Number of protein chains: 2
Amino acid sequence: MQLHAMWEEYPALQTDLTEVLNTIEKNIQIRDKNVETTIKNLIHAGGKLLRPAYALLCAQLGPDYDREKAIAVASALEVLHMATLIHDDVVDESELRRGQPTIHSQYGNHYAVYTGDYLFCISFKILSAYSDSASNIEFSSKNIEKILMGELDQMRMRYNIHTTVRDYLSRISGKTAQLFALSCYSGATASNAPRTLVSRAWNIGHYLGMAFQIIDDVLDYTSTDTGLGKPVLNDVKQGVYSLPLIYALQGHKKEFAPLLDKKEAMSDADLHELTALIERYQGVQKAFALADKYTKKALREINRLPDGDYKTDLKSITSKILTRTI
Amino acid sequence: MQLHAMWEEYPALQTDLTEVLNTIEKNIQIRDKNVETTIKNLIHAGGKLLRPAYALLCAQLGPDYDREKAIAVASALEVLHMATLIHDDVVDESELRRGQPTIHSQYGNHYAVYTGDYLFCISFKILSAYSDSASNIEFSSKNIEKILMGELDQMRMRYNIHTTVRDYLSRISGKTAQLFALSCYSGATASNAPRTLVSRAWNIGHYLGMAFQIIDDVLDYTSTDTGLGKPVLNDVKQGVYSLPLIYALQGHKKEFAPLLDKKEAMSDADLHELTALIERYQGVQKAFALADKYTKKALREINRLPDGDYKTDLKSITSKILTRTI
């Protein structure tokens, strides 16, 4: 059981997150022990557990903090996240996830599809065991709809040179910010927080999710594969045009078109030229500026919350994850 | 809008099933209109709608028949069924479903995986909008878990010559009977039927689901592809050993082993020899006998229900679908 090192500074949260991992593990029982072990390895492979962490912190917003319930909600959210990751890996044909071979690469699409479905159900199961009313669940199924729509939109817009900033923001609002917003929201409602705080929690999650995804997308252009010393560029290789490229494309489509038209056939030299063009038109810089705007919005909303240790932690964690450079 | 011809004899049910299709259609809204159209075509391609039909009939078991609620529950069940079909098609790499190109063959795995996920969520959404308590949903998520476990078991046992009748029954109990049982159960609970009737409804669904799947599996050996005039044998070609083969294997593994060891490489001649062996050892006959046992159990439980038009329909439909030969 290995929690990400970032939680060492937050011992209470560290204890609760360990309990989240235990809860998830307890709920996962598959007759095929190989698959069960693979899922459990994935759980313990040191994902950051950001979504459950935010849920746990926001569960201290209302008058009725209930640790057991907060942990259940946090666990359901992480399982949901895992389900979408496993299905994303099928779709992207990724070989590795958190440094481990993905389920689809080890056991084939069969297992990966059903295992993802299974985790979806486990998530609903954990959630429903602790929710007082069906409305909670209805709300979250609407959310998941939006998450999937974000993913479908991403597929639909692949290789589309006319993707706008607005398209992009709508897509990441679905595929990433929605689950962060749901995490903060669910934590807040689990503790019966008043409506204004619940909606503030939602906004915090939304803003930080937006910032988080933009930074993730920027890092795809700026961070380098260990050993290779060149940008990862996974997205653009798969035809997913993210914010740095979209910004750079504005007013310069003609310059990019010959490169992008090559699609899967882009060579290393082409990719090098592409990143140079993005740099020339300040794509990364502009994207970072927008991420910064969202980070500031998230922190501003956090500042408006009632004082408490949880608030100090929220601020500290949010600042930390939104200034990461790797 | 084309309902399966079998419902012409049941005008009230026919009207309600048409409403089920409308409800489903109303709930499916995907920005990508091609995918939306594909799903809608699938809805209208004339699936038998057996699960919603049983839910609708069992919704007349309790004192509080509520047509709108019954239709919602029935719709959720059909959407759930569709979600599993779409994911099954990804896993089986099937090209056609209900005579239409499958989503994965038309748009790729990407769309098929997310579309299935999307339908899972829509199913929960429709269900939760009409359920009074979260327990209803918890119950159904446990069910879906079992359905998926059945599918995973089927994968796990592929090409396993030691598959027992018990393995087989446990697998189809998950992958098929569970959803039929859930359909009858959900209909009954939607009308607040007393507990004994709810559990009888569950049993009816379970027994008829078992019979239904056994017959389906027998037909894979006995029915012939239009035009080709030879058995379909989809299952055994994919390493899925179903009841007729399992029965025939009992005490004769050595005779089958050289054939089955060829796995994907079985030729038409091998398949011909295989069906001859199954016939010699009365695999089909024994499987039919077991299906008949389950059908009788289902009908016996139906006979114990309070009298009413719905009961007459239940009997008639059950007899009809469990004596089909194509």
# chains A, B, ... in the order shown; residues from 1 in each chain; ligands from 1
call {"tool": "select_by_dssp", "arguments": {"residues": "segment 247-318 of chain B", "states": "alpha helix (DSSP H)", "output": "number ranges by chain"}}
result
B: 247-249, 253-260, 268-280, 283-303, 309-318
call {"tool": "interface_residues", "arguments": {"of": "chain A", "to": "chain B", "cutoff": "7 Å", "atoms": "only C-alpha atoms", "output": "VMD selection string"}}
result
chain A and resid 87 91 109 to 111 113 to 114 118 121 124 to 125 128 to 129 133 to 134 138 141 to 142 144 to 145 148 152
call {"tool": "residues_around", "arguments": {"residues": "Thr38 of chain A", "least_positions_apart": "6", "cutoff": "9 Å", "atoms": "only C-alpha atoms", "output": "ChimeraX atom specification"}}
result
/A:100-103
call {"tool": "write_last_selection", "arguments": {"atoms": "C-alpha atoms", "output": "PDB file, in the first residue's frame"}}
result
ATOM      1  CA  GLN A 100       1.900  -0.812 -14.922  1.00  0.00           C
ATOM      2  CA  PRO A 101       0.797  -2.670 -18.060  1.00  0.00           C
ATOM      3  CA  THR A 102      -2.813  -1.682 -18.786  1.00  0.00           C
ATOM      4  CA  ILE A 103      -5.578  -4.263 -18.433  1.00  0.00           C
TER       5      ILE A 103
END
call {"tool": "residues_around", "arguments": {"residues": "Gln2 of chain B", "least_positions_apart": "4", "cutoff": "10 Å", "atoms": "only C-alpha atoms", "output": "NGL selection string"}}
result
:B and (18 or 21 or 43-47)
call {"tool": "atom_distance", "arguments": {"atom1": "atom CA of Leu243 of chain B", "atom2": "atom CA of Asp270 of chain B"}}
result
19.0 Å
call {"tool": "residues_around", "arguments": {"residues": "Lys69 of chain A", "least_positions_apart": "2", "cutoff": "10 Å", "atoms": "only C-alpha atoms", "output": "PyMOL selection string"}}
result
chain A and resi 56+59+65-67+71-75+126-127+129-131+187+190-191
call {"tool": "residues_around", "arguments": {"residues": "segment 231-236 of chain A", "least_positions_apart": "2", "cutoff": "10 Å", "atoms": "only C-alpha atoms", "output": "list in words"}}
result
Arg158, Tyr159, Asp217, Val218, Leu219, Asp220, Tyr221, Thr222, Ser223, Thr224, Asp225, Thr226, Leu228, Gly229, Gln238, Gly239, Val240, Tyr241, Ser242, Leu245, Leu260, Lys263, Glu264, Met266, Leu271, His272, Leu274 and Thr275 of chain A
call {"tool": "select_by_dssp", "arguments": {"residues": "segment 39-216 of chain A", "states": "strand (DSSP E or B)", "output": "PyMOL selection string"}}
result
chain A and resi 96-97+100-101
call {"tool": "residues_around", "arguments": {"residues": "Pro63 of chain A", "least_positions_apart": "6", "cutoff": "9 Å", "atoms": "only C-alpha atoms", "output": "short mmCIF file (atom, residue, chain, number, x, y, z; two decimals) with N, CA and C atoms, in the first residue's frame"}}
result
data_model
loop_
_atom_site.label_atom_id
_atom_site.label_comp_id
_atom_site.auth_asym_id
_atom_site.auth_seq_id
_atom_site.Cartn_x
_atom_site.Cartn_y
_atom_site.Cartn_z
N SER A 191 -21.94 16.16 3.89
CA SER A 191 -21.91 16.72 5.25
C SER A 191 -23.06 17.71 5.45
N ASN A 192 -24.05 17.65 4.54
CA ASN A 192 -25.21 18.54 4.60
C ASN A 192 -24.82 20.02 4.66
N ALA A 193 -23.84 20.38 3.88
CA ALA A 193 -23.45 21.79 3.82
C ALA A 193 -24.61 22.61 3.24
N PRO A 194 -24.74 23.87 3.68
CA PRO A 194 -25.80 24.71 3.11
C PRO A 194 -25.57 24.94 1.62
#
call {"tool": "atom_distance", "arguments": {"atom1": "atom CA of Lys315 of chain B", "atom2": "atom CA of Leu50 of chain B"}}
result
13.4 Å
